[in-house]
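What's in query08.txt: compact mmCIF, C-alpha atoms
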```txt
# COMPACT_ATOMS: atom_id res chain seq x y z
CA MET E 22 77.28 100.23 86.89
CA HIS E 23 76.00 102.50 84.11
CA GLY E 24 77.41 101.73 80.65
CA SER E 25 80.36 99.58 79.67
CA PRO E 26 83.65 100.54 81.32
CA SER E 27 85.82 98.78 78.72
CA LEU E 28 86.77 101.86 76.71
CA LEU E 29 88.03 103.40 79.94
CA THR E 30 91.25 102.17 78.39
CA ASP E 31 94.07 104.35 77.15
CA HIS E 32 95.35 104.25 73.59
CA TYR E 33 98.84 103.34 74.73
CA GLU E 34 97.59 100.32 76.67
CA LEU E 35 96.23 98.80 73.47
CA THR E 36 99.44 99.73 71.65
CA MET E 37 101.43 97.71 74.21
CA ILE E 38 99.02 94.80 74.06
CA SER E 39 99.20 94.68 70.26
CA ALA E 40 102.99 94.61 70.32
CA ALA E 41 103.10 92.08 73.16
CA LEU E 42 100.68 89.76 71.35
CA HIS E 43 102.81 90.00 68.24
CA ASP E 44 106.14 89.26 69.97
CA GLY E 45 104.79 86.58 72.32
CA THR E 46 105.21 88.40 75.65
CA ALA E 47 101.51 89.16 76.27
CA ASP E 48 101.05 85.99 78.36
CA ARG E 49 104.04 86.53 80.64
CA GLN E 50 102.88 86.45 84.27
CA CYS E 51 103.23 89.88 85.82
CA VAL E 52 102.52 91.83 88.97
CA PHE E 53 101.44 95.47 88.89
CA GLU E 54 101.08 97.66 91.98
CA VAL E 55 99.23 100.88 92.70
CA PHE E 56 100.97 103.31 95.05
CA ALA E 57 101.70 107.00 95.57
CA ARG E 58 105.27 108.25 95.35
CA ARG E 59 104.32 111.14 97.61
CA LEU E 60 101.24 112.64 99.22
CA PRO E 61 99.67 115.85 97.86
CA PRO E 62 101.22 119.01 99.32
CA GLY E 63 100.15 119.63 102.90
CA ARG E 64 98.66 116.18 103.44
CA ARG E 65 99.77 113.84 106.22
CA TYR E 66 97.85 110.76 105.10
CA GLY E 67 95.87 109.39 102.17
CA VAL E 68 92.60 107.43 102.29
CA VAL E 69 91.95 104.40 100.10
CA ALA E 70 88.56 104.76 98.40
CA GLY E 71 86.96 103.40 95.26
CA THR E 72 88.08 99.77 95.49
CA ALA E 73 84.54 98.40 95.60
CA ARG E 74 83.56 100.60 92.66
CA LEU E 75 86.56 99.31 90.73
CA LEU E 76 85.55 95.72 91.43
CA ASP E 77 82.02 96.49 90.24
CA HIS E 78 83.43 97.89 87.00
CA LEU E 79 85.59 94.81 86.57
CA ARG E 80 82.51 92.57 86.45
CA ASN E 81 81.39 94.36 83.28
CA PHE E 82 84.81 94.93 81.75
CA ARG E 83 84.25 93.50 78.27
CA PHE E 84 84.76 94.86 74.77
CA ASP E 85 81.57 94.65 72.71
CA SER E 86 81.36 94.49 68.92
CA ASP E 87 80.72 98.22 68.45
CA GLU E 88 83.76 99.12 70.52
CA ILE E 89 85.99 96.63 68.70
CA ASP E 90 84.72 97.86 65.32
CA PHE E 91 85.57 101.42 66.36
CA LEU E 92 89.08 100.43 67.42
CA ALA E 93 89.63 98.55 64.17
CA ARG E 94 88.30 101.39 61.97
CA GLN E 95 90.57 103.85 63.72
CA ARG E 96 93.49 101.44 63.24
CA ILE E 97 94.11 101.45 66.95
CA VAL E 98 94.19 97.64 66.98
CA ASN E 99 95.05 95.01 64.40
CA THR E 100 93.15 91.79 63.69
CA GLU E 101 95.08 89.81 66.31
CA THR E 102 94.38 92.36 69.04
CA ALA E 103 90.74 92.70 68.03
CA SER E 104 90.34 88.94 68.41
CA TRP E 105 91.98 89.08 71.86
CA LEU E 106 89.68 91.89 72.97
CA GLU E 107 86.62 90.02 71.73
CA SER E 108 87.29 87.14 74.12
CA PHE E 109 88.76 89.20 76.97
CA LYS E 110 87.78 88.46 80.54
CA PHE E 111 90.09 89.19 83.44
CA GLN E 112 91.34 85.89 84.88
CA GLY E 113 93.93 87.20 87.31
CA ASP E 114 94.11 88.06 91.00
CA ILE E 115 93.64 91.36 92.83
CA SER E 116 94.52 92.16 96.42
CA GLY E 117 95.07 95.37 98.32
CA TYR E 118 94.23 97.69 101.18
CA GLN E 119 90.63 97.80 102.34
CA GLU E 120 88.62 100.89 101.51
CA GLY E 121 88.91 103.28 104.42
CA GLU E 122 92.52 102.26 105.07
CA LEU E 123 95.09 105.03 105.40
CA PHE E 124 98.03 105.05 103.02
CA PHE E 125 101.35 106.85 102.85
CA PRO E 126 104.12 107.26 100.25
CA ASN E 127 104.96 103.86 98.70
CA SER E 128 102.11 101.98 100.41
CA PRO E 129 101.19 99.12 97.98
CA ILE E 130 97.46 99.79 98.10
CA LEU E 131 96.48 97.53 95.16
CA THR E 132 98.20 94.53 93.57
CA VAL E 133 97.03 93.15 90.22
CA SER E 134 98.57 89.91 88.97
CA GLY E 135 98.00 87.87 85.82
CA SER E 136 99.19 87.98 82.24
CA PHE E 137 100.79 91.21 81.07
CA ALA E 138 97.98 91.95 78.64
CA GLU E 139 95.09 91.41 81.06
CA CYS E 140 96.78 93.46 83.79
CA VAL E 141 97.92 96.39 81.68
CA VAL E 142 94.50 96.86 80.07
CA LEU E 143 93.11 97.72 83.54
CA GLU E 144 95.57 100.54 84.25
CA THR E 145 93.46 103.53 83.22
CA LEU E 146 90.30 102.15 84.81
CA ALA E 147 92.05 101.43 88.11
CA LEU E 148 93.78 104.79 88.33
CA SER E 149 90.72 106.75 87.20
CA VAL E 150 88.57 105.27 89.97
CA LEU E 151 91.13 105.17 92.77
CA ASN E 152 92.72 108.57 92.14
CA HIS E 153 89.37 110.33 92.13
CA ASP E 154 87.72 108.56 95.04
CA SER E 155 90.83 108.57 97.23
CA ALA E 156 91.34 112.30 96.69
CA VAL E 157 87.76 113.06 97.69
CA ALA E 158 87.88 110.73 100.69
CA ALA E 159 91.10 112.28 102.00
CA ALA E 160 89.70 115.80 101.73
CA ALA E 161 86.43 114.71 103.32
CA ALA E 162 88.23 112.99 106.18
CA ARG E 163 90.09 116.20 106.98
CA MET E 164 86.77 118.05 107.05
CA VAL E 165 85.26 115.45 109.37
CA THR E 166 88.22 115.85 111.72
CA ALA E 167 87.86 119.64 111.60
CA ALA E 168 84.12 119.40 112.35
CA LYS E 169 84.78 117.70 115.71
CA GLY E 170 81.72 115.48 115.65
CA ARG E 171 79.32 117.94 114.04
CA PRO E 172 77.61 116.43 110.97
CA LEU E 173 78.54 117.35 107.41
CA ILE E 174 76.32 117.29 104.33
CA GLU E 175 77.94 116.65 100.93
CA MET E 176 76.49 119.23 98.50
CA GLY E 177 78.92 119.29 95.57
CA SER E 178 77.02 117.65 92.72
CA ARG E 179 76.79 120.88 90.71
CA ARG E 180 80.53 121.38 90.81
CA THR E 181 81.69 118.23 89.03
CA HIS E 182 80.86 115.70 86.29
CA GLU E 183 77.51 113.97 86.78
CA GLU E 184 79.02 110.53 87.42
CA SER E 185 81.88 111.96 89.47
CA ALA E 186 79.24 113.59 91.66
CA VAL E 187 77.81 110.20 92.63
CA ALA E 188 81.26 108.73 93.27
CA ALA E 189 82.25 111.80 95.30
CA ALA E 190 79.14 111.49 97.47
CA ARG E 191 80.06 107.86 98.17
CA ALA E 192 83.67 108.74 99.01
CA ALA E 193 82.59 111.58 101.31
CA TYR E 194 80.18 109.28 103.14
CA LEU E 195 82.95 106.68 103.52
CA ALA E 196 85.07 109.43 105.08
CA GLY E 197 82.42 110.24 107.69
CA PHE E 198 80.00 112.73 106.11
CA ALA E 199 76.50 112.25 107.52
CA SER E 200 74.54 112.65 104.30
CA THR E 201 74.50 113.85 100.69
CA SER E 202 72.18 115.96 98.58
CA ASN E 203 72.84 113.62 95.62
CA LEU E 204 69.80 111.39 95.21
CA ALA E 205 71.53 109.01 92.79
CA ALA E 206 74.10 108.26 95.50
CA GLY E 207 71.25 107.64 97.92
CA LEU E 208 69.67 105.18 95.52
CA ARG E 209 72.84 103.32 94.50
CA TYR E 210 74.63 103.17 97.82
CA GLY E 211 72.01 103.68 100.51
CA ILE E 212 73.56 106.95 101.69
CA PRO E 213 71.24 109.17 103.76
CA THR E 214 70.10 112.20 101.75
CA ALA E 215 69.40 115.73 102.94
CA GLY E 216 68.69 119.11 101.44
CA THR E 217 66.61 122.25 101.56
CA ALA E 218 65.28 124.90 99.22
CA ALA E 219 67.55 127.31 97.35
CA HIS E 220 67.30 131.10 97.10
CA ALA E 221 65.29 130.64 93.89
CA PHE E 222 62.36 129.26 95.87
CA THR E 223 62.25 132.35 98.07
CA LEU E 224 62.55 134.67 95.06
CA LEU E 225 59.70 132.81 93.34
CA HIS E 226 57.22 133.93 95.98
CA ASP E 227 55.82 137.37 96.64
CA ASP E 228 57.69 137.59 99.92
CA GLU E 229 59.88 135.51 102.21
CA GLN E 230 57.07 134.60 104.57
CA ALA E 231 55.03 133.12 101.74
CA ALA E 232 57.98 130.99 100.65
CA PHE E 233 58.60 129.73 104.18
CA ALA E 234 54.91 129.03 104.75
CA SER E 235 54.74 126.97 101.56
CA GLN E 236 57.81 124.94 102.50
CA VAL E 237 56.62 124.23 106.04
CA LEU E 238 53.09 123.40 104.91
CA THR E 239 54.42 120.88 102.40
CA LEU E 240 57.38 119.39 104.26
CA GLY E 241 56.52 119.92 107.90
CA HIS E 242 58.53 121.41 110.74
CA GLU E 243 61.46 119.01 110.17
CA THR E 244 62.52 121.07 107.18
CA THR E 245 65.36 123.62 107.02
CA LEU E 246 64.68 127.21 105.97
CA LEU E 247 67.27 129.25 104.07
CA VAL E 248 67.21 132.63 105.80
CA ASP E 249 69.78 134.82 104.01
CA THR E 250 68.08 135.65 100.70
CA TYR E 251 67.36 139.20 101.84
CA ASP E 252 68.12 140.35 105.38
CA ILE E 253 69.23 137.48 107.62
CA THR E 254 67.88 138.97 110.86
CA GLN E 255 64.45 139.48 109.35
CA GLY E 256 64.75 136.10 107.66
CA ILE E 257 65.16 134.38 111.02
CA ARG E 258 62.24 136.33 112.50
CA ASN E 259 60.09 135.32 109.52
CA ALA E 260 61.14 131.69 109.84
CA ILE E 261 60.15 131.46 113.51
CA GLU E 262 56.97 133.47 112.97
CA VAL E 263 55.89 131.04 110.23
CA ALA E 264 57.22 127.75 111.57
CA GLY E 265 57.32 128.33 115.30
CA PRO E 266 60.00 127.14 117.75
CA HIS E 267 59.85 123.52 116.58
CA LEU E 268 61.44 124.24 113.21
CA ARG E 269 64.28 121.79 112.61
CA ALA E 270 66.94 124.22 111.33
CA ILE E 271 67.89 127.38 109.49
CA ARG E 272 70.64 127.54 106.89
CA ILE E 273 73.04 130.43 106.31
CA ASP E 274 74.80 130.37 102.92
CA SER E 275 76.70 133.67 102.77
CA GLY E 276 78.44 136.41 104.72
CA ASP E 277 80.81 136.25 107.66
CA LEU E 278 79.64 132.91 108.99
CA SER E 279 81.45 133.27 112.31
CA VAL E 280 79.69 136.50 113.17
CA LEU E 281 76.36 135.47 111.65
CA ALA E 282 76.26 132.13 113.45
CA ALA E 283 76.72 133.81 116.84
CA GLN E 284 74.16 136.52 116.08
CA SER E 285 71.69 133.96 114.73
CA ARG E 286 71.99 131.77 117.82
CA ALA E 287 71.37 134.73 120.07
CA LEU E 288 68.33 135.80 118.04
CA LEU E 289 66.86 132.29 117.92
CA ASP E 290 67.22 132.01 121.69
CA GLU E 291 65.63 135.44 122.12
CA LEU E 292 62.70 134.33 119.95
CA GLY E 293 62.13 131.27 122.13
CA ALA E 294 63.58 128.78 119.65
CA PRO E 295 66.68 127.39 121.41
CA ASP E 296 66.32 123.98 119.76
CA VAL E 297 66.44 125.26 116.17
CA LYS E 298 69.72 124.15 114.62
CA ILE E 299 72.06 126.33 112.58
CA ILE E 300 73.51 124.90 109.37
CA VAL E 301 76.15 126.85 107.45
CA SER E 302 77.28 126.39 103.85
CA GLY E 303 79.04 128.33 101.12
CA ASP E 304 82.52 127.34 99.91
CA MET E 305 83.29 125.39 103.06
CA ASP E 306 86.58 123.48 103.32
CA GLU E 307 88.51 121.97 106.22
CA TYR E 308 90.07 125.32 107.12
CA SER E 309 86.83 127.31 107.23
CA ILE E 310 85.17 124.47 109.15
CA ALA E 311 88.00 124.49 111.69
CA ALA E 312 87.69 128.28 112.00
CA LEU E 313 84.07 127.86 113.11
CA ARG E 314 84.77 125.36 115.90
CA ALA E 315 84.05 127.86 118.64
CA GLU E 316 80.86 129.15 117.03
CA PRO E 317 77.31 127.82 117.64
CA VAL E 318 77.16 125.89 114.35
CA ASP E 319 75.34 122.57 114.40
CA ALA E 320 76.14 121.23 110.91
CA TYR E 321 78.07 122.12 107.78
CA GLY E 322 77.31 121.82 104.08
CA ALA E 323 80.39 121.31 101.89
CA GLY E 324 80.36 121.30 98.11
CA THR E 325 83.10 122.41 95.75
CA ALA E 326 86.01 121.69 98.09
CA VAL E 327 85.02 118.11 98.86
CA VAL E 328 84.27 117.00 95.29
CA THR E 329 87.52 118.52 94.02
CA GLY E 330 89.71 117.10 96.78
CA SER E 331 90.06 120.48 98.48
CA GLY E 332 92.98 121.54 96.33
CA ALA E 333 94.25 118.01 95.63
CA PRO E 334 91.92 116.61 92.93
CA THR E 335 94.04 113.49 92.46
CA ALA E 336 95.65 111.21 95.01
CA GLY E 337 98.76 110.95 92.81
CA LEU E 338 98.52 107.17 92.49
CA VAL E 339 100.50 105.30 89.83
CA TYR E 340 100.20 101.75 88.43
CA LYS E 341 103.60 100.15 87.89
CA LEU E 342 104.95 96.80 86.77
CA VAL E 343 107.08 95.34 89.58
CA GLU E 344 107.47 91.66 88.68
CA VAL E 345 107.70 89.54 85.50
CA GLN E 346 107.67 85.74 85.64
CA GLY E 347 108.59 85.88 89.34
CA ARG E 348 111.53 88.21 88.70
CA PRO E 349 111.54 91.73 90.23
CA VAL E 350 111.74 94.55 87.69
CA VAL E 351 112.72 98.12 88.50
CA LYS E 352 112.17 101.47 86.83
CA ARG E 353 115.28 103.61 87.31
CA SER E 354 114.10 106.96 85.90
CA GLU E 355 115.23 109.96 87.95
CA ASN E 356 112.66 110.84 90.65
CA LYS E 357 110.45 107.97 89.47
CA ARG E 358 112.42 104.97 90.62
CA THR E 359 110.39 101.95 91.72
CA VAL E 360 111.12 99.05 94.06
CA GLY E 361 110.81 95.68 92.32
CA GLY E 362 108.86 92.65 93.45
CA ARG E 363 105.44 91.99 94.96
CA LYS E 364 105.10 93.77 98.32
CA THR E 365 103.61 92.71 101.63
CA ALA E 366 102.74 95.46 104.11
CA VAL E 367 101.96 95.58 107.82
CA ARG E 368 101.20 98.49 110.11
CA ARG E 369 103.02 98.42 113.40
CA HIS E 370 101.37 99.75 116.59
CA LYS E 371 102.21 100.49 120.18
CA PRO E 372 100.43 98.38 122.81
CA THR E 373 98.11 101.37 123.26
CA GLY E 374 96.99 101.04 119.62
CA THR E 375 98.84 104.06 118.24
CA ALA E 376 100.35 103.39 114.81
CA ILE E 377 104.10 103.97 114.68
CA GLU E 378 105.17 102.82 111.21
CA GLU E 379 104.25 100.86 108.12
CA VAL E 380 106.67 98.11 107.08
CA VAL E 381 106.75 97.02 103.43
CA VAL E 382 108.73 93.98 102.30
CA SER E 383 109.41 92.98 98.70
CA GLN E 384 109.05 89.27 97.88
CA GLY E 385 108.65 88.28 101.48
CA THR E 386 106.78 88.92 104.70
CA PRO E 387 107.75 91.36 107.47
CA ALA E 388 109.02 89.70 110.62
CA HIS E 389 106.01 89.52 112.90
CA GLN E 390 105.90 91.73 115.96
CA PRO E 391 103.16 92.10 118.56
CA ASN E 392 100.40 94.52 117.51
CA ASP E 393 101.19 94.21 113.77
CA ARG E 394 98.24 94.42 111.40
CA LEU E 395 98.42 92.96 107.88
CA LEU E 396 97.18 95.62 105.47
CA GLN E 397 96.39 93.65 102.32
CA ARG E 398 93.48 91.34 101.66
CA ARG E 399 92.36 89.35 98.62
CA PHE E 400 89.54 90.74 96.50
CA VAL E 401 89.67 88.70 93.27
CA ALA E 402 91.00 85.17 92.66
CA GLY E 403 91.13 83.64 89.21
CA GLY E 404 89.02 86.47 87.85
CA GLU E 405 86.20 85.92 90.35
CA GLN E 406 85.38 88.39 93.10
CA LEU E 407 85.61 86.91 96.57
CA PRO E 408 82.50 87.15 98.76
CA ASP E 409 83.91 89.05 101.75
CA VAL E 410 84.69 92.45 100.19
CA PRO E 411 83.90 94.99 102.97
CA THR E 412 80.66 96.93 102.70
CA LEU E 413 80.56 100.71 102.52
CA GLN E 414 79.51 100.88 106.17
CA GLN E 415 82.34 98.55 107.22
CA SER E 416 84.85 100.69 105.32
CA ARG E 417 83.43 103.84 106.90
CA ASP E 418 83.87 102.31 110.35
CA HIS E 419 87.36 101.14 109.44
CA LEU E 420 88.49 104.64 108.46
CA ARG E 421 87.14 106.05 111.71
CA ASP E 422 89.23 103.51 113.64
CA CYS E 423 92.31 104.19 111.51
CA LEU E 424 92.14 107.92 112.17
CA ILE E 425 91.95 107.22 115.89
CA SER E 426 95.08 105.07 115.63
CA ILE E 427 97.48 107.59 114.07
CA PRO E 428 99.49 110.02 116.23
CA TRP E 429 97.56 113.22 116.96
CA GLU E 430 100.08 115.24 114.93
CA GLY E 431 98.88 113.36 111.84
CA LEU E 432 95.46 115.00 112.12
CA LYS E 433 96.79 118.55 111.95
CA LEU E 434 95.70 120.62 108.96
CA SER E 435 99.06 122.34 108.73
CA VAL E 436 101.83 121.21 106.39
CA GLY E 437 103.90 118.40 107.85
CA ASP E 438 105.43 114.99 107.36
CA PRO E 439 103.28 111.89 106.77
CA ALA E 440 101.54 110.72 109.95
CA ILE E 441 103.71 107.60 110.06
CA PRO E 442 106.78 106.58 108.04
CA VAL E 443 106.81 103.72 105.53
CA ILE E 444 109.83 101.49 106.03
CA GLN E 445 110.87 99.34 103.06
CA GLU E 446 112.83 96.23 103.95
```
Have the structure of the file written as C-alpha cells, please.
Amino acid sequence: MHGSPSLLTDHYELTMISAALHDGTADRQCVFEVFARRLPPGRRYGVVAGTARLLDHLRNFRFDSDEIDFLARQRIVNTETASWLESFKFQGDISGYQEGELFFPNSPILTVSGSFAECVVLETLALSVLNHDSAVAAAAARMVTAAKGRPLIEMGSRRTHEESAVAAARAAYLAGFASTSNLAAGLRYGIPTAGTAAHAFTLLHDDEQAAFASQVLTLGHETTLLVDTYDITQGIRNAIEVAGPHLRAIRIDSGDLSVLAAQSRALLDELGAPDVKIIVSGDMDEYSIAALRAEPVDAYGAGTAVVTGSGAPTAGLVYKLVEVQGRPVVKRSENKRTVGGRKTAVRRHKPTGTAIEEVVVSQGTPAHQPNDRLLQRRFVAGGEQLPDVPTLQQSRDHLRDCLISIPWEGLKLSVGDPAIPVIQE
C-alpha cells in the first residue's frame, strides 16, 4: 500500500457520520451490501476483482493528524467527528464473493457489517477499488476467451493513472493474461513481466539493422524485435539476418494485422525461421482478437482497451444499506429499488458442472440442493483479516474454472442476457 487510503472518503460520508454522531444513531448495527443493478451493456457476466486490494487498504485505513486538521479547517467535520476519526479503526465484519468469482445483476458480492459510522466511511474506498478492478477483469476475461489459449500481454500503463495501471495489470493477470509490461505490478504482485523495444529505439539508430543488432547483442535471441517501423517485409528480413532463425519473436504494431500476420508467417517460413513467434499489438480488444483467431498469431498485446474496461470503465457496483439493528430496510426510488436484509447466495449447477442459476435469499439460507456452491466467504471478523484470503494465483485459477462452468452462450461477445439468472427468494 502506498500512502494512506483514509481520505479516499467522500465529503457526504463525513456529513452523515457527523449528523449520526450528533443524533445518536452512529452506533446502530448495520449491514451494507455491494452489488450491481445491471451489467454494462453487452456483457453477460461480471468478474469480482480487487477484494484483496481492498483488504490491504483496510489495514491502513486511519485518519492521521494532518488529515483531521485539514477536515477541521475546511469545516467538513466538527469537534465530535474529528475526535471519532482520530480513534477510528474498523471493528466490523466483511464477507463476500472470492476474487475471480463471476457475478450477475443483484449478486451480493460484498457484505460489510458493523456500526453505521464505521461501515459508511468505507463506501468510497470499497466502490473505487471494486468498480475499477472488476471492470478491468471482466474486459480482460473476454479477451482471454477470444484468444483461445494464446497468451496475452497487458501493455496499458501509459493509458491510465499511474496507480490504476498497477491495479489494472493485477486484474488482467487475475483474468488470465500471461504477463504485464508494468514492472511495479511485477514487483508488488509477482506477475510475470514482458516487453520489447519501441519504435523510438529503431529511430535512434542509423538504420534498422543496427538497432536490431544492438538489442540482440544486449538481450540475446530470446528478445522480440519490432519490425514495422519502416517497411515490415524488409524489417522481418533484417531481423532474421541479424538474429538468425532462433530469434524468439517479432512484433507487429500497426496495419491490417490479419493480412500482415499471414504474410509475415509465410516470409518467416521462407527465411528458414518457422519457430519465430508473431506477436501483434495496437489497439487490441476482444473483438479484434477474435477476428484474428484464424491467423498465425502467437500472442497479443493489449493496452488501452483492457485498462479502460473495453468500453465499460466501471462495473456499475453500488454500496447500499440493507439492514439496521436486524431489521431489513429498503430503498424504493424508481429504478433504484433495493431488496432489504442480509443476503446469502448459492450457485446451482447441473450434475455435469454447468451453472444454471444463482439463488439469493434475504435473511435466510437457500434450501440446499445437490451441486449447490455457497458463494460468500468471510474475510474480516471483528476488524481483523482472516488468514485464508485466497491468493492471486488461487483467484486466477478460480475464475478459469468459473468460466468453464457457465453455459457456452455466456461466453459470446455479442449482446445478450446474463449467462445465468439470479433468483431472489
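The coordinates place atom CA of Arg353 of chain E at 26.0 Å from atom CA of Glu378 of chain E.
Every residue within 7 Å of the file position (76.9, 130.9, 106.3), judged by only C-alpha atoms, is given as Ile273, Asp274, Ser275, Gly276, Asp277, Leu278, Val301, Ser302 and Gly303 of chain E.
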Selected residues written out, C-alpha atoms, as a short mmCIF file (atom, residue, chain, number, x, y, z; two decimals), in the coordinates of the input:
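Result file again.cif:
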```
data_model
loop_
_atom_site.label_atom_id
_atom_site.label_comp_id
_atom_site.auth_asym_id
_atom_site.auth_seq_id
_atom_site.Cartn_x
_atom_site.Cartn_y
_atom_site.Cartn_z
CA ILE E 273 73.04 130.43 106.31
CA ASP E 274 74.80 130.37 102.92
CA SER E 275 76.70 133.67 102.77
CA GLY E 276 78.44 136.41 104.72
CA ASP E 277 80.81 136.25 107.66
CA LEU E 278 79.64 132.91 108.99
CA VAL E 301 76.15 126.85 107.45
CA SER E 302 77.28 126.39 103.85
CA GLY E 303 79.04 128.33 101.12
#
```
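Between Gly324 of chain E and the residues E:Ser178, E:Thr359, E:Thr217, E:Gln445, the shortest atom-to-atom distance, using only C-alpha atoms, involves E:Ser178.
Near Thr375 of chain E, within 7 Å and counting all atoms listed in the file, sit His370, Lys371, Ser426, Ile427 and Pro428 of chain E, not including residues fewer than 4 positions from it in the same chain.
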TODO: May I have the protein, DNA and RNA residues with an atom at most 12 Å from (74.6, 116.9, 114.1), counting all atoms listed in the file in the file's coordinates, returned as a ChimeraX atom specification?
DONE: /E:165,168-174,198-200,269-270,297-300,317-322
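Interatomic distance, atom CA of Gln112 of chain E against atom CA of Gly403 of chain E: 4.9 Å.
The space separating atom CA of Leu60 of chain E from atom CA of Gly113 of chain E comes to 29.0 Å.
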Task: Residue contacts of segment 251-264 of chain E (8 Å, all atoms listed in the file) excluding same-chain residues fewer than 4 positions away, as an NGL selection string - done: :E and (229-230 or 233-234 or 237 or 242 or 246 or 268 or 271 or 285 or 288-289 or 292 or 294)
Selected residues, C-alpha atoms, written as a PDB file, keeping the file's coordinate frame, please.
```
ATOM      1  CA  GLU E 229      59.880 135.510 102.210  1.00  0.00           C
ATOM      2  CA  GLN E 230      57.070 134.600 104.570  1.00  0.00           C
ATOM      3  CA  PHE E 233      58.600 129.730 104.180  1.00  0.00           C
ATOM      4  CA  ALA E 234      54.910 129.030 104.750  1.00  0.00           C
ATOM      5  CA  VAL E 237      56.620 124.230 106.040  1.00  0.00           C
ATOM      6  CA  HIS E 242      58.530 121.410 110.740  1.00  0.00           C
ATOM      7  CA  LEU E 246      64.680 127.210 105.970  1.00  0.00           C
ATOM      8  CA  LEU E 268      61.440 124.240 113.210  1.00  0.00           C
ATOM      9  CA  ILE E 271      67.890 127.380 109.490  1.00  0.00           C
ATOM     10  CA  SER E 285      71.690 133.960 114.730  1.00  0.00           C
ATOM     11  CA  LEU E 288      68.330 135.800 118.040  1.00  0.00           C
ATOM     12  CA  LEU E 289      66.860 132.290 117.920  1.00  0.00           C
ATOM     13  CA  LEU E 292      62.700 134.330 119.950  1.00  0.00           C
ATOM     14  CA  ALA E 294      63.580 128.780 119.650  1.00  0.00           C
TER      15      ALA E 294
END
```
TODO: Point out the residue among E:Gly337, E:Gly332, E:Val401, E:Asn127 with the least atom-to-atom distance to Leu79 of chain E, counting only C-alpha atoms.
DONE: E:Val401
Open item on the list: Set the distance at 10 Å and use all atoms listed in the file: which residues neighbour Pro126 of chain E once local chain neighbours fewer than 4 positions away are removed? I'd like the list as a PyMOL selection string.
Closed with: chain E and resi 56-61+65-67+337-338+439+441-444
Write to file, as a PDB file, keeping the file's coordinate frame, the residues of the selection just made, with C-alpha atoms.
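Below is the file that was written, again-v4.pdb:
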```
ATOM      1  CA  PHE E  56     100.970 103.310  95.050  1.00  0.00           C
ATOM      2  CA  ALA E  57     101.700 107.000  95.570  1.00  0.00           C
ATOM      3  CA  ARG E  58     105.270 108.250  95.350  1.00  0.00           C
ATOM      4  CA  ARG E  59     104.320 111.140  97.610  1.00  0.00           C
ATOM      5  CA  LEU E  60     101.240 112.640  99.220  1.00  0.00           C
ATOM      6  CA  PRO E  61      99.670 115.850  97.860  1.00  0.00           C
ATOM      7  CA  ARG E  65      99.770 113.840 106.220  1.00  0.00           C
ATOM      8  CA  TYR E  66      97.850 110.760 105.100  1.00  0.00           C
ATOM      9  CA  GLY E  67      95.870 109.390 102.170  1.00  0.00           C
ATOM     10  CA  GLY E 337      98.760 110.950  92.810  1.00  0.00           C
ATOM     11  CA  LEU E 338      98.520 107.170  92.490  1.00  0.00           C
ATOM     12  CA  PRO E 439     103.280 111.890 106.770  1.00  0.00           C
ATOM     13  CA  ILE E 441     103.710 107.600 110.060  1.00  0.00           C
ATOM     14  CA  PRO E 442     106.780 106.580 108.040  1.00  0.00           C
ATOM     15  CA  VAL E 443     106.810 103.720 105.530  1.00  0.00           C
ATOM     16  CA  ILE E 444     109.830 101.490 106.030  1.00  0.00           C
TER      17      ILE E 444
END
```
TODO: Select, from E:Leu424, E:Ala167, E:Ala70, E:Leu75, the residue with the minimum atom-to-atom distance to Arg191 of chain E, counting all atoms listed in the file.
DONE: E:Ala70
- [ ] Write out as a PyMOL selection string which residues come within 10 Å of Phe109 of chain E when counting only C-alpha atoms, dropping same-chain ones fewer than 3 positions away.
- [x] chain E and resi 82-85+103-106+112+138-139
Could you write those residues out with C-alpha atoms, as a short mmCIF file (atom, residue, chain, number, x, y, z; two decimals), in the frame of the given file?
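This went into again38.cif:
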```
data_model
loop_
_atom_site.label_atom_id
_atom_site.label_comp_id
_atom_site.auth_asym_id
_atom_site.auth_seq_id
_atom_site.Cartn_x
_atom_site.Cartn_y
_atom_site.Cartn_z
CA PHE E 82 84.81 94.93 81.75
CA ARG E 83 84.25 93.50 78.27
CA PHE E 84 84.76 94.86 74.77
CA ASP E 85 81.57 94.65 72.71
CA ALA E 103 90.74 92.70 68.03
CA SER E 104 90.34 88.94 68.41
CA TRP E 105 91.98 89.08 71.86
CA LEU E 106 89.68 91.89 72.97
CA GLN E 112 91.34 85.89 84.88
CA ALA E 138 97.98 91.95 78.64
CA GLU E 139 95.09 91.41 81.06
#
```
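Nearest residue to Ser202 of chain E among E:Leu151, E:Val381, E:Ala323, E:Ile425 is E:Ala323, counting all atoms listed in the file.
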